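This is upload.txt. It holds compact mmCIF, C-alpha atoms.
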```txt
# COMPACT_ATOMS: atom_id res chain seq x y z
CA GLY A 1 -175.44 -92.36 -72.38
CA ALA A 2 -173.16 -90.73 -74.88
CA GLY A 3 -169.91 -91.37 -73.07
CA VAL A 4 -168.24 -93.47 -70.39
CA SER A 5 -169.64 -92.67 -66.98
CA GLN A 6 -167.77 -93.24 -63.73
CA SER A 7 -168.95 -92.93 -60.15
CA PRO A 8 -168.24 -91.65 -57.67
CA ARG A 9 -166.17 -88.82 -59.13
CA TYR A 10 -164.51 -88.25 -55.76
CA LYS A 11 -164.08 -90.65 -52.88
CA VAL A 12 -162.33 -90.10 -49.58
CA ALA A 13 -161.66 -93.24 -47.57
CA LYS A 14 -160.00 -93.92 -44.28
CA ARG A 15 -157.12 -96.33 -44.40
CA GLY A 16 -158.45 -99.86 -44.11
CA GLN A 17 -161.85 -99.14 -45.64
CA ASP A 18 -163.13 -100.97 -48.71
CA VAL A 19 -164.16 -98.93 -51.75
CA ALA A 20 -166.06 -99.73 -54.93
CA LEU A 21 -165.73 -97.72 -58.12
CA ARG A 22 -168.27 -98.07 -60.88
CA CYS A 23 -167.91 -97.73 -64.64
CA ASP A 24 -170.72 -97.51 -67.19
CA PRO A 25 -169.15 -97.99 -70.63
CA ILE A 26 -170.52 -96.80 -73.93
CA SER A 27 -173.37 -99.06 -74.96
CA GLY A 28 -172.21 -101.87 -77.21
CA HIS A 29 -168.53 -101.50 -76.43
CA VAL A 30 -166.95 -104.90 -76.01
CA SER A 31 -163.66 -103.86 -74.42
CA LEU A 32 -163.36 -102.28 -71.01
CA PHE A 33 -160.14 -101.18 -69.36
CA TRP A 34 -159.25 -99.92 -65.88
CA TYR A 35 -156.22 -97.70 -65.38
CA GLN A 36 -154.67 -96.05 -62.33
CA GLN A 37 -153.21 -92.58 -62.77
CA ALA A 38 -151.07 -91.06 -60.07
CA LEU A 39 -150.42 -87.32 -60.04
CA GLY A 40 -148.07 -86.31 -62.84
CA GLN A 41 -147.95 -89.80 -64.31
CA GLY A 42 -149.46 -91.58 -67.24
CA PRO A 43 -152.29 -94.08 -66.89
CA GLU A 44 -151.02 -97.41 -65.55
CA PHE A 45 -152.82 -100.48 -66.83
CA LEU A 46 -154.73 -102.47 -64.22
CA THR A 47 -157.06 -104.88 -65.99
CA TYR A 48 -158.95 -105.53 -69.20
CA PHE A 49 -162.28 -107.15 -70.05
CA GLN A 50 -163.69 -108.33 -73.30
CA ASN A 51 -167.41 -108.65 -72.66
CA GLU A 52 -167.63 -110.40 -69.28
CA ALA A 53 -164.29 -112.18 -69.58
CA GLN A 54 -161.36 -110.69 -67.71
CA LEU A 55 -158.59 -111.31 -70.23
CA ASP A 56 -155.74 -109.59 -68.46
CA LYS A 57 -155.36 -108.63 -64.82
CA SER A 58 -151.61 -108.43 -64.77
CA GLY A 59 -151.64 -104.78 -63.72
CA LEU A 60 -153.58 -105.20 -60.49
CA PRO A 61 -151.03 -104.18 -57.83
CA SER A 62 -152.13 -106.62 -55.13
CA ASP A 63 -154.82 -109.10 -54.21
CA ARG A 64 -156.64 -106.23 -52.51
CA PHE A 65 -157.72 -105.12 -55.98
CA PHE A 66 -160.57 -106.91 -57.70
CA ALA A 67 -162.56 -106.08 -60.82
CA GLU A 68 -165.66 -107.61 -62.31
CA ARG A 69 -167.97 -107.14 -65.26
CA PRO A 70 -170.56 -109.86 -64.70
CA GLU A 71 -172.94 -109.08 -67.57
CA GLY A 72 -170.46 -107.64 -70.00
CA SER A 73 -171.56 -104.06 -69.47
CA VAL A 74 -171.12 -102.21 -66.15
CA SER A 75 -167.87 -102.88 -64.34
CA THR A 76 -166.84 -102.43 -60.73
CA LEU A 77 -163.33 -102.02 -59.39
CA LYS A 78 -163.12 -102.93 -55.73
CA ILE A 79 -160.23 -102.10 -53.46
CA GLN A 80 -160.17 -103.80 -50.09
CA ARG A 81 -158.38 -102.48 -47.00
CA THR A 82 -157.31 -99.31 -48.77
CA GLN A 83 -153.80 -97.96 -48.19
CA GLN A 84 -152.45 -94.45 -48.71
CA GLU A 85 -150.56 -95.57 -51.79
CA ASP A 86 -153.89 -96.42 -53.41
CA SER A 87 -154.65 -92.69 -53.66
CA ALA A 88 -154.93 -91.94 -57.37
CA VAL A 89 -157.39 -91.30 -60.16
CA TYR A 90 -158.93 -94.52 -61.44
CA LEU A 91 -159.81 -94.31 -65.11
CA CYS A 92 -162.21 -96.51 -66.99
CA ALA A 93 -162.17 -96.73 -70.77
CA SER A 94 -164.22 -98.68 -73.26
CA GLY A 95 -163.79 -99.49 -76.90
CA THR A 96 -164.98 -101.57 -79.81
CA GLU A 97 -163.24 -104.85 -80.30
CA ASN A 98 -161.11 -104.11 -83.29
CA THR A 99 -160.08 -100.49 -83.40
CA GLY A 100 -157.98 -100.27 -80.28
CA GLU A 101 -159.29 -96.74 -79.75
CA LEU A 102 -160.36 -96.10 -76.18
CA PHE A 103 -163.02 -93.73 -74.89
CA PHE A 104 -162.25 -92.58 -71.38
CA GLY A 105 -164.45 -91.56 -68.52
CA GLU A 106 -163.75 -88.60 -66.28
CA GLY A 107 -162.20 -90.83 -63.66
CA SER A 108 -162.79 -91.49 -59.96
CA ARG A 109 -160.38 -89.66 -57.68
CA LEU A 110 -159.65 -91.74 -54.58
CA THR A 111 -157.98 -90.17 -51.58
CA VAL A 112 -157.02 -92.47 -48.72
CA LEU A 113 -156.34 -90.73 -45.42
CA ALA B 1 -142.77 -106.42 -71.92
CA GLN B 2 -144.07 -103.42 -73.77
CA SER B 3 -143.09 -99.96 -72.58
CA VAL B 4 -143.42 -96.41 -73.83
CA SER B 5 -140.96 -93.59 -73.20
CA GLN B 6 -141.72 -89.92 -73.44
CA HIS B 7 -138.54 -88.06 -72.67
CA ASN B 8 -139.96 -84.54 -72.58
CA HIS B 9 -141.81 -84.09 -69.30
CA HIS B 10 -142.67 -80.42 -69.74
CA VAL B 11 -142.41 -78.36 -72.89
CA ILE B 12 -143.00 -74.61 -72.96
CA LEU B 13 -143.50 -72.86 -76.28
CA SER B 14 -144.74 -69.55 -77.58
CA GLU B 15 -147.75 -69.38 -79.87
CA ALA B 16 -146.93 -70.12 -83.52
CA ALA B 17 -143.84 -72.12 -82.60
CA SER B 18 -143.42 -75.59 -84.07
CA LEU B 19 -143.89 -78.61 -81.85
CA GLU B 20 -142.34 -82.04 -81.76
CA LEU B 21 -142.94 -84.42 -78.85
CA GLY B 22 -140.88 -87.57 -78.70
CA CYS B 23 -142.24 -91.08 -78.17
CA ASN B 24 -140.30 -94.33 -78.25
CA TYR B 25 -141.66 -97.77 -77.56
CA SER B 26 -140.11 -101.10 -76.87
CA TYR B 27 -141.76 -104.06 -78.50
CA GLY B 28 -140.36 -106.13 -81.31
CA GLY B 29 -143.59 -107.15 -82.96
CA THR B 30 -146.25 -105.34 -84.92
CA VAL B 31 -147.89 -102.57 -82.94
CA ASN B 32 -150.70 -100.08 -82.98
CA LEU B 33 -149.69 -96.57 -81.88
CA PHE B 34 -151.73 -93.74 -80.41
CA TRP B 35 -151.47 -90.20 -79.14
CA TYR B 36 -154.03 -89.15 -76.56
CA VAL B 37 -154.54 -85.64 -75.23
CA GLN B 38 -155.93 -84.42 -71.93
CA TYR B 39 -156.97 -80.77 -71.88
CA PRO B 40 -157.20 -79.11 -68.46
CA GLY B 41 -160.22 -80.41 -66.58
CA GLN B 42 -161.21 -82.82 -69.31
CA HIS B 43 -160.92 -86.55 -69.89
CA LEU B 44 -158.39 -88.25 -72.11
CA GLN B 45 -159.31 -88.26 -75.79
CA LEU B 46 -157.76 -89.70 -78.91
CA LEU B 47 -155.67 -87.32 -81.00
CA LEU B 48 -154.54 -89.74 -83.69
CA LYS B 49 -153.69 -93.39 -84.27
CA TYR B 50 -151.54 -95.58 -86.48
CA PHE B 51 -152.51 -99.14 -87.33
CA SER B 52 -150.91 -99.78 -90.72
CA GLY B 53 -150.25 -98.17 -94.08
CA ASP B 54 -148.90 -94.65 -94.51
CA PRO B 55 -146.51 -94.04 -91.60
CA LEU B 56 -147.44 -90.36 -91.53
CA VAL B 57 -150.81 -90.03 -89.88
CA LYS B 58 -152.87 -86.91 -89.46
CA GLY B 59 -155.13 -86.26 -86.53
CA ILE B 60 -157.42 -83.59 -85.23
CA LYS B 61 -156.49 -79.93 -84.77
CA GLY B 62 -153.57 -80.00 -87.21
CA PHE B 63 -151.53 -82.63 -85.37
CA GLU B 64 -149.62 -85.34 -87.17
CA ALA B 65 -147.31 -88.16 -86.17
CA GLU B 66 -144.75 -90.22 -88.02
CA PHE B 67 -144.12 -93.89 -87.33
CA ILE B 68 -140.45 -94.79 -87.90
CA LYS B 69 -140.22 -98.52 -87.39
CA SER B 70 -136.41 -98.65 -87.44
CA LYS B 71 -136.27 -96.16 -84.59
CA PHE B 72 -139.26 -97.54 -82.66
CA SER B 73 -140.57 -93.99 -82.62
CA PHE B 74 -143.89 -92.24 -83.10
CA ASN B 75 -143.21 -88.54 -82.62
CA LEU B 76 -146.03 -86.01 -82.54
CA ARG B 77 -145.73 -82.79 -84.53
CA LYS B 78 -147.60 -79.60 -85.19
CA PRO B 79 -146.19 -76.82 -87.37
CA SER B 80 -147.73 -73.92 -85.43
CA VAL B 81 -149.12 -74.29 -81.93
CA GLN B 82 -151.94 -72.29 -80.41
CA TRP B 83 -152.63 -71.36 -76.81
CA SER B 84 -155.52 -73.83 -76.85
CA ASP B 85 -153.04 -76.68 -77.38
CA THR B 86 -152.04 -76.38 -73.73
CA ALA B 87 -152.63 -79.90 -72.42
CA GLU B 88 -151.00 -83.15 -71.39
CA TYR B 89 -150.07 -85.47 -74.26
CA PHE B 90 -149.74 -89.23 -73.88
CA CYS B 91 -148.24 -91.70 -76.32
CA ALA B 92 -149.61 -95.24 -76.16
CA VAL B 93 -148.99 -98.61 -77.79
CA ASN B 94 -150.56 -102.03 -77.99
CA ARG B 95 -149.74 -105.22 -79.78
CA TYR B 96 -151.36 -105.67 -83.16
CA SER B 97 -154.22 -107.73 -81.81
CA SER B 98 -157.83 -107.08 -80.97
CA ALA B 99 -157.36 -108.38 -77.44
CA SER B 100 -154.38 -106.51 -76.13
CA LYS B 101 -153.79 -104.02 -73.36
CA ILE B 102 -152.82 -100.48 -74.28
CA ILE B 103 -149.73 -99.17 -72.50
CA PHE B 104 -149.28 -95.44 -71.95
CA GLY B 105 -146.21 -93.29 -71.56
CA SER B 106 -145.76 -90.95 -68.62
CA GLY B 107 -146.97 -87.97 -70.60
CA THR B 108 -145.63 -84.60 -71.72
CA ARG B 109 -147.12 -81.42 -70.35
CA LEU B 110 -147.30 -78.73 -73.02
CA SER B 111 -147.63 -75.11 -71.94
CA ILE B 112 -148.19 -72.46 -74.58
CA ARG B 113 -147.37 -68.83 -73.82
CA PRO B 114 -149.94 -66.49 -75.42
```

Represent the structure from my file as structure tokens, please.
Amino acid sequence: GAGVSQSPRYKVAKRGQDVALRCDPISGHVSLFWYQQALGQGPEFLTYFQNEAQLDKSGLPSDRFFAERPEGSVSTLKIQRTQQEDSAVYLCASGTENTGELFFGEGSRLTVL
Amino acid sequence: AQSVSQHNHHVILSEAASLELGCNYSYGGTVNLFWYVQYPGQHLQLLLKYFSGDPLVKGIKGFEAEFIKSKFSFNLRKPSVQWSDTAEYFCAVNRYSSASKIIFGSGTRLSIRP
């Protein structure tokens, strides 16, 4: 497609449930980033892939968060045993290797009850 | 660690007023700098970027930003704002490397009175 696609756009989970958020980057983009954006805040870095390699996962808030990009294209962010503090918009962005410019998706809004 | 500070959380201006949004970063090495904008109901998109060369960079919709290395600043400016500039503006930085995370500031909400 023409842009970064994320699904689902909205997800409501009960506390303790596992969720999986999907990101389809722009075709050919090497870099893929996941960010968490709380209401009224800027995007907080979670993790970064270059092709299938996860180069930086320093932003993942706990071991309940896991991301993968097994074939260097689609990526999934998984959150296990969700907590209320996980409620946020999860943004995916992709980019070419050298420009540093990111193209963002619309985000997946997670609400944990 | 890298960080980005945007001290103005909410700015309210009238149409045709001049705009300057502050951005300071903390990182001692060479950096790439960005301003992203998020219009209401839309996704984040790049407004302008600085990698090297002329420290005054021009972006879309009449925006410009000036990189002042000695002040670790990259302020965003526009001489005359329009109602359609109402949006959230985010400054961002990464290390001058192809494999480096991009860190965002907390954002400045700009409201333009028609």

Sort by chain and increasing residue number a table of all residues of chain B within 6 Å of chain A, each with its closest pair of atoms and their distance in Å to one decimal, counting all atoms listed in the file, and write it as a Markdown table.
```
| residue | atom | partner | partner_atom | distance |
| --- | --- | --- | --- | --- |
| B:His43 | CA | A:Glu106 | CA | 5.0 |
| B:Leu44 | CA | A:Phe104 | CA | 5.8 |
| B:Ser98 | CA | A:Asn98 | CA | 5.0 |
| B:Gly105 | CA | A:Gly42 | CA | 5.7 |
| B:Ser106 | CA | A:Gly42 | CA | 4.0 |
| B:Gly107 | CA | A:Gly42 | CA | 5.5 |
```

Emit the selected residues as a tab-separated table (two decimals), keeping the file's coordinate frame, including C-alpha atoms.
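After the write, again_15.tsv holds the following:
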```tsv
chain	number	residue	atom	x	y	z
B	43	HIS	CA	-160.92	-86.55	-69.89
B	44	LEU	CA	-158.39	-88.25	-72.11
B	98	SER	CA	-157.83	-107.08	-80.97
B	105	GLY	CA	-146.21	-93.29	-71.56
B	106	SER	CA	-145.76	-90.95	-68.62
B	107	GLY	CA	-146.97	-87.97	-70.60
```

I want to know what sits within 7 Å of range 18-30 of chain B, based on only C-alpha atoms, with residues of the same chain fewer than 3 positions away left out; could you give that as a list in words?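 After dropping sequence-adjacent residues, the list is Gln2, Ser3, Val4, Ser5, Gln6, His7, Asn8, Phe72, Ser73, Phe74, Asn75, Leu76, Arg77, Lys78, Pro79, Ser80, Val81, Cys91, Arg95 and Tyr96 of chain B.
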
Give me, please, the distance in Å between CA of Pro8 in chain A and CA of Ala88 in chain A, quoted to one decimal.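 Going from CA of Pro8 in chain A over to CA of Ala88 in chain A, I get 13.3 Å.
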
Could you pull the residues within 10 Å of Leu46 in chain B, counting all atoms listed in the file, minus those fewer than 3 positions along the same chain, as a count of residues only? 14

Distance CA of Ile79 in chain A-CA of Arg64 in chain A, one decimal place? 5.6 Å

Pick from B:Gln42, B:Gln82, B:Asn32, B:Ser70, whichever lies nearest to Asn94 in chain B using only C-alpha atoms: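 The closest residue to Asn94 in chain B is B:Asn32.
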
Could you pull the residues within 7 Å of Ile102 in chain B, counting all atoms listed in the file, minus those fewer than 2 positions along the same chain, as a ChimeraX atom specification? /B:92-94,100,104

Hey, can I get the axis-aligned box for range 80-89 of chain B? All listed atoms, 5 Å padding on each side, centre and edge lengths in Å to one decimal, as JSON.
```
{"center_x": -151.6, "center_y": -78.4, "center_z": -78.4, "size_x": 17.8, "size_y": 24.1, "size_z": 24.0}
```

Could you tell me which of A:Val30, A:Val19, A:Ala53, A:Leu113 comes closest to Arg81 in chain A if we count all atoms listed in the file?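 Of A:Val30, A:Val19, A:Ala53, A:Leu113, the one nearest Arg81 in chain A is A:Val19, counting all atoms listed in the file.
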
Just the number, please: distance in Å from CA of Ala67 in chain A to CA of Trp34 in chain A, one decimal.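 Answer for the CA of Ala67 in chain A to CA of Trp34 in chain A separation: 8.6 Å.
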